[in-house]
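Before any comments, here is the structure.
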Amino acid sequence: MTPTPTATLVARDWAEIQERMLVPLYEAVYDRLEVGPGDRLLGLDCGAGLALLLASGRGALATGVETDPARRTLARERLLEVLAAPPAPAVPYDVLLAFSPAPGALAAALPALRPGGAVVLADWGPAERCTVPSVLGGGPAARDLDAMAAAAGLAPDGSGRVFCPFGYADVDSAVRGLLSTGLYECSDPVQVEKELAEALHPYERADGAVWLPNIFRYVIARTA
């Protein structure tokens with residue numbers, strides 16, 4: 001499937017503006033798991049692949065799964081191995097990143113993980129410490145990661161919280177970045193952009209920059 005021009009623009013906004021906001025989360029998880037040479041990592045819904053690049057920089061062999069053709073194309077431009085569906089590898093993976101898995105995606109990917117392999121789930125932290133959901137008109141509620149892991153038959157192996165502020169050069173960049181997440185209803189793009197820009201003004205600094213503090217929570221679980 002060839003991405004539409006609009007989808008490509010949105011994907012580029014994700015890759016160029018938004019994706020880096022999650023670097024503290026990626027790095028915290030990799031530090032916790034001591035990801036390094038010899039590790040095999042599979043990233044679900046990997047977007048344009050920044051998390052994979054960071055893992056590769058630590059010496060890990062990283063593969064991604066991304067259903068969106070435009071984001072998958074950008075990841076491949078970064079010379080990453082990104083597939084449209086979970087693979088059936090000859091050698092199982094050690095780590096599965098499933099930060100925001102689509103329904104059914106986690107179950108479909110678990111067979112690719114070795115026994116005792118780590119599964120990492122992540123989502124928004126406490127509502128009172130996350131700015132973005134309120135800017136998005138309430139936004140999606142944080143999922144119960146512990147219940148999600150238990151439902152998948154995984155054993156708990158720790159959790160943590162990471163400060164992930166979303167910082168933008170100006171309101172326009174913030175609007176583009178936030179819209180690229182797919183979290184905002186966009187039936188009327190012009191009206192949505194106007195409403196989002198207005199919602200961001202309380203977070204605009206004197207120099208025009210926008211600062212949105214957030215806490216993310218992650219859970220590590222293990223396969224049997």
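Chains: A, B, ... in order of the structure tokens. Residues: from 1 per chain. Ligands: from 1, in order shown.
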
query: Which of range 124-186 of chain A counts as strand (DSSP E or B) under DSSP, as a count of residues only please?
result: 13

Can you pull out every residue within 12 Å of Ala88 in chain A, counting only C-alpha atoms, but drop anything in the same chain fewer than 4 positions away, and send it as a PDB file with C-alpha atoms, in the first residue's frame?
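Here's the written file selection28.pdb:
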```pdb
ATOM      1  CA  LEU A  42      11.215  -6.505  18.767  1.00  0.00           C
ATOM      2  CA  THR A  63      13.392  -5.271  14.510  1.00  0.00           C
ATOM      3  CA  LEU A  83       7.728  -5.344   9.106  1.00  0.00           C
ATOM      4  CA  PRO A  92      13.454 -15.855  19.387  1.00  0.00           C
ATOM      5  CA  TYR A  93      13.644 -12.291  20.685  1.00  0.00           C
ATOM      6  CA  ALA A 108       0.198 -11.988  18.123  1.00  0.00           C
ATOM      7  CA  ALA A 109       3.772 -10.992  18.973  1.00  0.00           C
ATOM      8  CA  LEU A 110       4.332 -13.055  22.137  1.00  0.00           C
ATOM      9  CA  PRO A 111       5.196 -16.285  20.234  1.00  0.00           C
ATOM     10  CA  ALA A 112       8.265 -14.479  18.835  1.00  0.00           C
ATOM     11  CA  LEU A 113       9.683 -14.069  22.358  1.00  0.00           C
ATOM     12  CA  ARG A 114      11.924 -16.610  24.085  1.00  0.00           C
TER      13      ARG A 114
END
```

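One distance worth recording is that between CA of Ala118 in chain A and CA of Ala60 in chain A, which is 14.2 Å.
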
- prompt: What's the 6 Å shell around Ala11 in chain A, counting only C-alpha atoms, without same-chain residues fewer than 3 positions away, as a list in words?
  reply: Thr8, Trp14, Ala70 and Arg71 of chain A

Gap from CA of Ile215 in chain A to CA of Trp124 in chain A - Å, one decimal: 6.4 Å

query: Which one of A:Asp68, A:Ala155, A:Ala127, A:Glu204 sits closest to Ala142 in chain A if you count only C-alpha atoms?
result: A:Ala127

message: Can you pull out the residues contacting range 205-214 of chain A? Cut-off 7 Å, using only C-alpha atoms, and skip same-chain residues under 5 positions away; I want them as an MDAnalysis selection string.
response: chainID A and resid 129:132 163:171 174

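The shortest atom-to-atom distance to Val82 in chain A, with only C-alpha atoms taken into account, belongs to A:Glu66 out of A:Glu66, A:Asp13, A:Glu193, A:Asp94.
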
message: I'd like the neighbourhood of Thr67 in chain A as number ranges by chain, where a residue qualifies if any of its atoms comes within 8 Å (using only C-alpha atoms), though same-chain residues fewer than 3 positions away should be ignored.
response: A: 45, 72, 83-85

message: With only C-alpha atoms as the counted atoms, please give the residues lying no more than 12 Å from Pro101 in chain A, apart from itself and same-chain residues fewer than 2 positions off, as number ranges by chain.
response: A: 43-47, 65-67, 86, 96-99, 103-110, 119-123, 143, 145, 148-149

Could you save the residues just selected, with C-alpha atoms, as a CSV table (one decimal), in the first residue's frame?
```csv
chain,number,residue,atom,x,y,z
A,43,GLY,CA,9.3,-3.2,18.9
A,44,LEU,CA,5.5,-3.2,18.3
A,45,ASP,CA,4.0,-0.1,16.7
A,46,CYS,CA,7.5,1.2,16.4
A,47,GLY,CA,6.5,4.3,14.3
A,65,VAL,CA,6.5,-3.9,13.5
A,66,GLU,CA,4.5,-1.0,12.1
A,67,THR,CA,1.1,-1.3,10.4
A,86,PRO,CA,5.0,-9.8,13.8
A,96,LEU,CA,9.4,-7.1,23.3
A,97,LEU,CA,8.5,-3.4,23.4
A,98,ALA,CA,4.7,-3.0,23.4
A,99,PHE,CA,4.3,0.6,24.6
A,103,PRO,CA,-5.8,-4.7,20.2
A,104,GLY,CA,-4.6,-8.2,19.6
A,105,ALA,CA,-1.1,-7.1,18.7
A,106,LEU,CA,0.5,-8.2,21.9
A,107,ALA,CA,-0.9,-11.7,21.7
A,108,ALA,CA,0.2,-12.0,18.1
A,109,ALA,CA,3.8,-11.0,19.0
A,110,LEU,CA,4.3,-13.1,22.1
A,119,VAL,CA,7.8,-7.6,27.7
A,120,VAL,CA,7.6,-3.9,28.3
A,121,LEU,CA,4.3,-2.1,28.4
A,122,ALA,CA,4.0,1.7,28.9
A,123,ASP,CA,1.3,4.4,29.0
A,143,ARG,CA,-4.6,1.7,30.6
A,145,LEU,CA,-0.8,-2.1,32.4
A,148,MET,CA,-2.9,-6.2,30.6
A,149,ALA,CA,0.2,-8.2,31.5
```

task: DSSP on the backbone, then: every residue of chain A marked helix (DSSP H, G or I), written as an MDAnalysis selection string.
output: chainID A and resid 5:33 50:57 69:77 105:112 127:129 132:135 145:151 171:179 189:203

statement: As a check of understanding: the span from CA of Ala51 in chain A to CA of Ala141 in chain A is 23.5 Å

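Comparing the minimum interatomic distances between Gly117 in chain A and each of A:Ala48, A:Ala224, A:Ile17, A:Leu80, counting only C-alpha atoms, we find that A:Ala224 sits nearest.
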
- prompt: Which one of A:Ala90, A:Leu183, A:Val162, A:Leu79 sits closest to Gly137 in chain A if you count only C-alpha atoms?
  reply: A:Leu183

field: Which residue of A:Glu19, A:Glu195, A:Pro202, A:Ser56 approaches Gly38 in chain A most closely, using only C-alpha atoms
entry: A:Ser56
